[in-house]
Every structure is written in structure tokens, then in C-alpha cells.
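To be precise, the following lines are work-v5.txt, and they hold compact mmCIF, C-alpha atoms.
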# COMPACT_ATOMS: atom_id res chain seq x y z
CA MET R 1 114.72 125.34 -83.22
CA ASP R 2 116.92 127.15 -80.73
CA ILE R 3 117.90 125.96 -77.30
CA ARG R 4 115.17 127.98 -75.56
CA GLU R 5 112.46 126.23 -77.53
CA ILE R 6 114.03 122.85 -76.68
CA ILE R 7 114.06 123.69 -72.96
CA LYS R 8 110.44 124.90 -73.06
CA TRP R 9 109.33 121.76 -74.89
CA SER R 10 111.21 119.56 -72.42
CA LEU R 11 109.66 121.32 -69.42
CA LYS R 12 106.24 121.05 -70.97
CA HIS R 13 106.59 117.32 -71.65
CA TRP R 14 108.57 116.41 -68.53
CA TYR R 15 106.39 113.36 -67.85
CA TRP R 16 107.78 111.63 -70.97
CA PHE R 17 111.22 111.63 -69.40
CA ILE R 18 109.83 110.04 -66.22
CA VAL R 19 107.99 107.40 -68.26
CA SER R 20 111.11 106.61 -70.33
CA VAL R 21 113.25 106.25 -67.20
CA VAL R 22 110.71 103.94 -65.59
CA LEU R 23 110.39 101.83 -68.74
CA CYS R 24 114.17 101.54 -69.06
CA GLY R 25 114.39 100.49 -65.41
CA ILE R 26 111.71 97.82 -65.90
CA VAL R 27 113.40 96.46 -69.03
CA ALA R 28 116.79 96.39 -67.29
CA GLY R 29 115.28 94.62 -64.26
CA ILE R 30 113.61 91.97 -66.41
CA TRP R 31 116.84 91.41 -68.32
CA PHE R 32 118.81 91.10 -65.08
CA LEU R 33 116.35 88.61 -63.59
CA HIS R 34 116.53 86.44 -66.70
CA GLN R 35 120.32 86.28 -66.63
CA PRO R 36 121.67 83.27 -64.67
CA GLN R 37 123.75 84.24 -61.67
CA THR R 38 127.40 83.24 -61.70
CA PHE R 39 129.16 82.10 -58.53
CA THR R 40 132.90 81.69 -58.04
CA ILE R 41 134.00 78.87 -55.75
CA GLN R 42 137.55 79.01 -54.38
CA ALA R 43 139.69 76.62 -52.35
CA SER R 44 143.31 76.52 -51.23
CA LEU R 45 145.58 73.49 -51.39
CA MET R 46 148.96 72.98 -49.75
CA MET R 47 151.38 71.35 -52.16
CA PRO R 48 154.09 69.00 -50.81
CA SER R 49 157.31 70.74 -49.91
CA SER R 50 159.86 71.18 -52.66
CA PRO R 51 163.38 69.71 -52.32
CA SER R 52 164.70 73.05 -51.03
CA VAL R 53 162.50 72.73 -47.97
CA LYS R 54 163.49 70.46 -45.09
CA GLN R 55 162.14 66.98 -45.62
CA ASN R 56 161.06 64.40 -43.09
CA ASN R 57 163.18 61.34 -42.29
CA ARG R 58 161.39 59.06 -44.71
CA ASP R 59 161.74 61.48 -47.61
CA GLU R 60 165.43 61.97 -46.79
CA LEU R 61 165.99 58.20 -46.76
CA LEU R 62 164.12 57.80 -50.05
CA GLY R 63 166.26 60.55 -51.53
CA ILE R 64 169.47 58.84 -50.39
CA LEU R 65 168.33 55.62 -52.03
CA GLY R 66 167.68 57.44 -55.30
CA TYR R 67 163.90 57.95 -55.13
CA ASP R 68 162.73 61.49 -55.81
CA THR R 69 159.65 62.00 -53.64
CA GLN R 70 159.16 65.69 -54.43
CA MET R 71 158.14 67.60 -57.52
CA GLU R 72 158.35 71.25 -58.36
CA PRO R 73 155.11 73.15 -57.58
CA GLN R 74 154.54 73.88 -61.27
CA ASP R 75 154.75 70.15 -62.04
CA GLN R 76 152.29 69.43 -59.23
CA ILE R 77 149.86 71.99 -60.67
CA GLU R 78 150.10 70.23 -64.04
CA VAL R 79 149.26 66.93 -62.35
CA LEU R 80 146.34 68.56 -60.51
CA THR R 81 144.76 69.78 -63.76
CA SER R 82 145.80 66.85 -65.95
CA ASN R 83 143.27 65.23 -68.28
CA ASN R 84 143.46 61.99 -66.31
CA MET R 85 142.53 63.76 -63.06
CA LEU R 86 139.75 65.81 -64.67
CA GLU R 87 138.37 62.76 -66.45
CA GLN R 88 137.95 60.99 -63.11
CA VAL R 89 136.01 63.97 -61.74
CA VAL R 90 133.76 64.18 -64.82
CA LYS R 91 132.92 60.47 -64.69
CA ASP R 92 132.36 60.37 -60.94
CA LEU R 93 130.02 63.38 -60.90
CA SER R 94 128.31 62.52 -64.23
CA LEU R 95 129.18 65.91 -65.68
CA THR R 96 128.93 64.87 -69.34
CA THR R 97 125.24 65.84 -69.25
CA ASP R 98 124.06 69.34 -68.29
CA TYR R 99 120.43 69.77 -67.22
CA ALA R 100 118.28 72.90 -67.21
CA HIS R 101 114.63 73.57 -66.31
CA LYS R 102 112.60 76.38 -67.84
CA THR R 103 111.06 78.73 -65.28
CA ARG R 104 109.39 82.13 -65.47
CA LEU R 105 112.82 83.72 -65.17
CA GLY R 106 114.38 81.61 -67.93
CA TRP R 107 116.44 78.42 -67.98
CA ARG R 108 117.94 77.39 -64.64
CA THR R 109 120.65 74.77 -64.19
CA GLN R 110 119.74 71.61 -62.27
CA TYR R 111 122.24 69.43 -60.45
CA GLY R 112 122.38 66.87 -57.65
CA ASP R 113 119.36 66.59 -55.38
CA LYS R 114 117.70 69.53 -57.18
CA GLN R 115 117.65 67.57 -60.43
CA ASP R 116 114.20 66.45 -61.63
CA LEU R 117 115.19 63.82 -64.19
CA ILE R 118 118.05 61.81 -65.67
CA ILE R 119 118.53 61.41 -69.42
CA LEU R 120 120.74 58.61 -70.72
CA LEU R 121 121.79 57.78 -74.27
CA ASP R 122 123.04 54.24 -74.86
CA SER R 123 125.37 55.26 -77.71
CA VAL R 124 128.63 57.21 -77.57
CA SER R 125 128.72 60.19 -79.89
CA GLU R 126 131.57 62.46 -80.90
CA ARG R 127 129.19 65.39 -81.22
CA LEU R 128 127.11 67.44 -78.81
CA ILE R 129 123.57 66.05 -78.51
CA LYS R 130 120.75 68.23 -77.20
CA VAL R 131 117.56 66.76 -75.80
CA ARG R 132 114.42 68.74 -75.01
CA VAL R 133 111.54 67.31 -72.97
CA GLU R 134 108.21 69.15 -72.77
CA THR R 135 105.22 68.04 -70.76
CA LEU R 136 101.85 68.04 -72.56
CA ARG R 137 98.33 67.45 -71.35
CA ASN R 138 98.31 63.85 -72.55
CA GLY R 139 102.01 62.99 -72.66
CA TYR R 140 105.41 64.35 -73.52
CA ARG R 141 107.13 65.85 -76.52
CA ILE R 142 110.73 64.71 -77.07
CA ALA R 143 113.09 66.53 -79.41
CA VAL R 144 116.67 65.40 -80.08
CA ARG R 145 119.22 67.35 -82.09
CA ALA R 146 122.82 66.57 -83.07
CA GLY R 147 124.32 69.27 -85.23
CA LEU R 148 122.35 70.91 -88.01
CA ARG R 149 121.38 67.83 -90.01
CA HIS R 150 120.32 65.28 -87.41
CA ARG R 151 116.98 66.17 -85.85
CA PHE R 152 114.33 63.94 -84.33
CA SER R 153 111.00 64.69 -82.65
CA THR R 154 108.25 62.48 -81.27
CA ARG R 155 105.41 62.39 -78.76
CA VAL R 156 104.99 59.69 -76.14
CA ALA R 157 102.28 58.97 -73.61
CA SER R 158 104.74 58.08 -70.84
CA LEU R 159 108.45 57.94 -70.13
CA ASP R 160 108.48 54.36 -68.89
CA ALA R 161 109.67 52.84 -72.16
CA PRO R 162 112.95 53.64 -73.95
CA ILE R 163 112.70 55.96 -76.95
CA ALA R 164 114.47 54.93 -80.17
CA THR R 165 116.11 57.82 -82.01
CA PRO R 166 118.57 58.00 -84.95
CA MET R 167 121.24 59.02 -82.41
CA GLY R 168 120.61 56.03 -80.14
CA THR R 169 118.11 54.75 -77.59
CA LEU R 170 117.02 57.41 -75.12
CA HIS R 171 116.13 56.69 -71.50
CA ILE R 172 114.32 59.44 -69.56
CA MET R 173 113.82 58.78 -65.85
CA PRO R 174 111.99 61.26 -63.58
CA LEU R 175 113.53 61.39 -60.11
CA HIS R 176 110.74 62.95 -58.05
CA GLY R 177 107.57 61.58 -59.57
CA LYS R 178 105.88 63.48 -62.37
CA ILE R 179 107.79 66.27 -64.08
CA GLU R 180 106.25 69.59 -65.12
CA GLY R 181 107.28 72.15 -67.71
CA ALA R 182 110.16 72.02 -70.16
CA TYR R 183 113.62 70.52 -69.63
CA HIS R 184 116.78 70.72 -71.66
CA ALA R 185 119.79 68.41 -71.56
CA SER R 186 123.14 68.77 -73.34
CA ILE R 187 125.08 65.51 -73.69
CA TYR R 188 128.77 66.19 -74.31
CA PRO R 189 131.46 63.76 -75.48
CA LEU R 190 133.80 62.96 -72.61
CA PRO R 191 136.93 64.61 -74.14
CA VAL R 192 134.97 67.81 -74.86
CA LYS R 193 133.67 68.06 -71.29
CA VAL R 194 137.13 67.37 -69.85
CA SER R 195 138.58 70.13 -72.03
CA GLN R 196 135.83 72.56 -70.96
CA LEU R 197 136.42 71.81 -67.30
CA GLY R 198 140.17 72.23 -67.67
CA SER R 199 139.65 75.65 -69.25
CA ALA R 200 137.17 76.73 -66.58
CA ILE R 201 139.30 75.83 -63.54
CA SER R 202 141.88 78.41 -62.55
CA VAL R 203 144.92 77.27 -60.53
CA THR R 204 147.34 79.93 -59.28
CA ARG R 205 150.12 80.04 -56.71
CA LEU R 206 149.78 82.57 -53.91
CA GLY R 207 153.43 83.54 -54.30
CA ARG R 208 156.56 82.61 -56.18
CA GLU R 209 158.00 80.77 -53.18
CA SER R 210 154.65 79.70 -51.73
CA GLN R 211 153.57 76.06 -51.59
CA VAL R 212 149.88 77.07 -51.45
CA VAL R 213 147.83 77.14 -54.64
CA LYS R 214 144.35 78.55 -55.07
CA LEU R 215 141.71 76.78 -57.15
CA ALA R 216 138.79 78.79 -58.54
CA LEU R 217 135.79 77.78 -60.64
CA SER R 218 132.93 80.02 -61.82
CA SER R 219 129.55 78.41 -62.45
CA SER R 220 125.84 79.15 -62.36
CA CYS R 221 125.46 76.17 -59.99
CA PRO R 222 127.51 76.70 -56.81
CA LYS R 223 126.94 73.17 -55.51
CA GLN R 224 128.30 71.64 -58.71
CA ALA R 225 131.37 73.89 -58.63
CA THR R 226 131.96 73.01 -54.96
CA ASP R 227 131.71 69.28 -55.68
CA ILE R 228 134.15 69.59 -58.59
CA ILE R 229 136.75 71.46 -56.52
CA ASN R 230 136.41 69.10 -53.54
CA ARG R 231 136.58 65.97 -55.68
CA LEU R 232 139.63 67.27 -57.55
CA ILE R 233 141.47 67.93 -54.28
CA GLU R 234 140.40 64.52 -52.96
CA TYR R 235 141.76 62.71 -56.03
CA TYR R 236 144.99 64.70 -55.95
CA ASN R 237 145.60 63.87 -52.27
CA ARG R 238 144.73 60.23 -52.87
CA ASP R 239 147.12 59.88 -55.79
CA ALA R 240 149.87 61.65 -53.84
CA SER R 241 149.35 59.24 -50.93
CA LEU R 242 149.39 56.23 -53.27
CA ASP R 243 152.65 57.44 -54.82
CA LYS R 244 154.22 57.80 -51.37
CA ASN R 245 153.08 54.33 -50.31
CA ARG R 246 154.29 52.79 -53.57
CA LEU R 247 157.72 54.36 -53.12
CA ALA R 248 157.83 53.22 -49.49
CA MET R 249 156.98 49.64 -50.47
CA GLN R 250 159.61 49.68 -53.20
CA MET R 251 162.11 51.09 -50.73
CA ASN R 252 161.37 48.28 -48.26
CA VAL R 253 161.92 45.66 -50.95
CA ASN R 254 165.22 47.23 -51.98
CA LEU R 255 166.33 47.57 -48.36
CA GLU R 256 165.65 43.90 -47.71
CA GLU R 257 167.60 42.97 -50.83
CA ARG R 258 170.54 45.15 -49.83
CA LEU R 259 170.54 43.83 -46.26
CA ARG R 260 170.57 40.29 -47.63
CA LEU R 261 173.54 41.11 -49.85
CA ILE R 262 175.35 42.81 -46.95
CA GLY R 263 174.68 39.80 -44.73
CA HIS R 264 176.04 37.48 -47.39
CA GLU R 265 179.17 39.61 -47.73
CA LEU R 266 179.67 39.65 -43.94
CA ASP R 267 179.37 35.87 -43.80
CA SER R 268 181.94 35.55 -46.57
CA LEU R 269 184.22 37.97 -44.71
CA GLU R 270 183.98 35.97 -41.46
CA ILE R 271 184.82 32.75 -43.31
CA ALA R 272 187.80 34.44 -44.94
CA ILE R 273 189.05 35.69 -41.54
CA GLU R 274 188.76 32.21 -40.03
CA ASP R 275 190.65 30.68 -42.94
CA TYR R 276 193.34 33.31 -42.58
CA LYS R 277 193.72 32.56 -38.86
CA LYS R 278 193.95 28.83 -39.51
CA ASP R 279 196.50 29.25 -42.27
CA HIS R 280 198.70 31.46 -40.10
CA GLN R 281 198.00 29.55 -36.85
CA ILE R 282 196.67 32.67 -35.12

Would you give me this structure, written as C-alpha cells?
Amino acid sequence: MDIREIIKWSLKHWYWFIVSVVLCGIVAGIWFLHQPQTFTIQASLMMPSSPSVKQNNRDELLGILGYDTQMEPQDQIEVLTSNNMLEQVVKDLSLTTDYAHKTRLGWRTQYGDKQDLIILLDSVSERLIKVRVETLRNGYRIAVRAGLRHRFSTRVASLDAPIATPMGTLHIMPLHGKIEGAYHASIYPLPVKVSQLGSAISVTRLGRESQVVKLALSSSCPKQATDIINRLIEYYNRDASLDKNRLAMQMNVNLEERLRLIGHELDSLEIAIEDYKKDHQI
């Protein structure tokens, strides 16, 4: 078949091209709608001045007394994203469990006041545990999975009573009355969730000499990402303030001790001067 025949056939069956373009557009639109949107939350944080920058009177006095009140910006960034700091955020916001609700457009993350239920497991596991809750006409279907070998499934008439599973006792508590549809929860071990959060948070300096760092976190739930960033900054500022206050208190104690020693030495000096005057009849 030469090129003329191909062109004639294409012009004769032009409607197939229109149909294929429309079908591809519909498929692409459905795929796009089913993909969860990703939002990037950013915040800026001013780090304390480094030793090369002029310090205030208290910091200068602490430095004279041998207390280093400043850290390099890179060290401060390490503190900001340390496991201890991230662990506090994970525990405070209950991030070890991720919730999702199945809608017509696929699974959608639930968090905070938009969350329909809370799922608690009374045992601590070193593996990821997935829980699926489906509403039926006369009850609920509960499926629990931990790895490839541990699977459990049961049906219950209500969620009022705890559910015993091989992985532990399960407590499912609806937050806004009766739940509808299917829900999925992923219960992570605390170290795993802390590691995931540390990898997801990006901390960069605006410039080599800048004291401002930018925090960024991408998530399908913008409110959760905002809460994580705000709580992380809050904990960092709180710990920095506690360190300053602890150093100031320690400085006050040492100052009082040194003033007492100086006063004792002055008293001894005055006594020595008086004895010298008496001995020499001055």
C-alpha cells in the first residue's frame, strides 16, 4: 500500500481519529481524577545568629564565662530534623496511623476534623499493620493484615465492642456517628514513621551566609503537612528557649558562687591590711 492509498483511507475514515482522540482524553481525565493531588507546604525559620554575628549582652556575658550559646546553622538544622524532635511531632499529632476513605474518585486521605473514625491497636508491632473496614447492610467487615502470612478477617454487627485479632485487640471508634463505605488504615511502628517523616521533610538554607532556612513538605493532605511544619517549628523554638533559660540559670548560680568567693577574698584582704597597719603602727 502506497502513501496515496493511506491518505485516502485516512480521509475516508476520519471519524475514527476523532473517536480515538476523545476516548484517549476521557481515559486520561479519569486517570487524573483518580490520582491524589499533592500539595507542598513551605515555611521559613530564622536560626539564631552564629558567633560571627554581633551578639546581645547576655550572650556575650555567657561567652565570657565559657558558655557557648550559639551553634553553626548546619548543626541547628540537624537538631531541627533530629529523631527526637520528629518523634515528638509524630506522637503529638498521632501520625503513626494513616487513614483513607474510598470515594468514587479513589482513596482519599483523612486527617483531623475530616477524619471519620479512629482505629487503635493495643499491641506494639515492629511491622506495618493494615486494617480495612467495610460497611455492610447488617454490620461491618473487618480485615487485618500484617505482612504476607498474618491475615485475619471477621464480620461484626457493631463497632461498640473491641475486636480480638492475632495481631492484638482492635478498637474502632466512629467520630461522627455512623460510618459509610470502606476505610483503610495503615498502622506504622514509631521508628518507621519517624524515618519516613525525616525523609519527606526538606530543610535548606536560603544562602551560604543566610540564617534563614526553608522547610518544605509534600503531602496529599495539606492540613496535615501544615500541622507538621508548624509543630516542628514550635518544638524547635521551645527547646531553644529552654536551652537559653537553662544556661542563664546556670550562669546565675556560677555568678553568685564567684561573687561569694570574691567577697571572701576581699574580707581576707581587709583583715591582712589591718594587721599590717597594726604591726607597723601606721

Worksheet item: Within 9 Å of Tyr188 of chain R, counting all atoms listed in the file, which residues qualify if same-chain residues fewer than 6 places away don't, as a PyMOL selection string?
Response: chain R and resi 95-98+125-130

Using only C-alpha atoms, please write the residues we just selected to a file, as a compact mmCIF listing (two decimals), keeping the file's coordinate frame.
# COMPACT_ATOMS: atom_id res chain seq x y z
CA LEU R 95 129.18 65.91 -65.68
CA THR R 96 128.93 64.87 -69.34
CA THR R 97 125.24 65.84 -69.25
CA ASP R 98 124.06 69.34 -68.29
CA SER R 125 128.72 60.19 -79.89
CA GLU R 126 131.57 62.46 -80.90
CA ARG R 127 129.19 65.39 -81.22
CA LEU R 128 127.11 67.44 -78.81
CA ILE R 129 123.57 66.05 -78.51
CA LYS R 130 120.75 68.23 -77.20

Practice prompt. Provide the atom CA of Gln110 of chain R to atom CA of Thr154 of chain R distance in Å, to one decimal place.
Written response: 24.0 Å

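We find atom CA of Phe152 of chain R and atom CA of Lys114 of chain R to be spaced 27.9 Å apart.
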
Practice prompt. Write out as a list of chain:residue names the residues lying within 10 Å of segment 118-123 of chain R, counting all atoms listed in the file and excluding same-chain residues fewer than 2 positions away.
Written response: R:Thr97, R:Asp98, R:Tyr99, R:Gln115, R:Asp116, R:Ser125, R:Ile129, R:Val131, R:Val133, R:Pro162, R:Ile163, R:Ala164, R:Thr165, R:Met167, R:Gly168, R:Thr169, R:Leu170, R:His171, R:Ile172, R:Met173, R:Pro174, R:Leu175, R:His184, R:Ala185, R:Ser186, R:Ile187

Practice prompt. Have a look at atom CA of Arg137 of chain R and atom CA of Arg104 of chain R and let me know their distance in Å, one decimal.
Written response: 19.3 Å

Fill in: Answer as a PyMOL selection string, residues within 8 Å of (138.5, 65.1, -71.6) using only C-alpha atoms
chain R and resi 83-84+86-87+190-196

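Counting all atoms listed in the file, Ser219 of chain R has the following residues at most 10 Å away, ignoring those fewer than 5 positions along the same chain: Pro36, Gln37, Thr38, Phe39, Thr40, Ile41, Thr109, Ala200, Gln224, Ala225 and Thr226 of chain R.
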
Need to verify the contact set: Leu45 of chain R, 8 Å, all atoms listed in the file, exclusion of same-chain residues closer than 4 positions in sequence. Can you return it as a tab-separated table (two decimals) with C-alpha atoms, keeping the file's coordinate frame?
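Generated file (selection31.tsv):
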chain	number	residue	atom	x	y	z
R	212	VAL	CA	149.88	77.07	-51.45
R	213	VAL	CA	147.83	77.14	-54.64
R	214	LYS	CA	144.35	78.55	-55.07
R	215	LEU	CA	141.71	76.78	-57.15
R	233	ILE	CA	141.47	67.93	-54.28
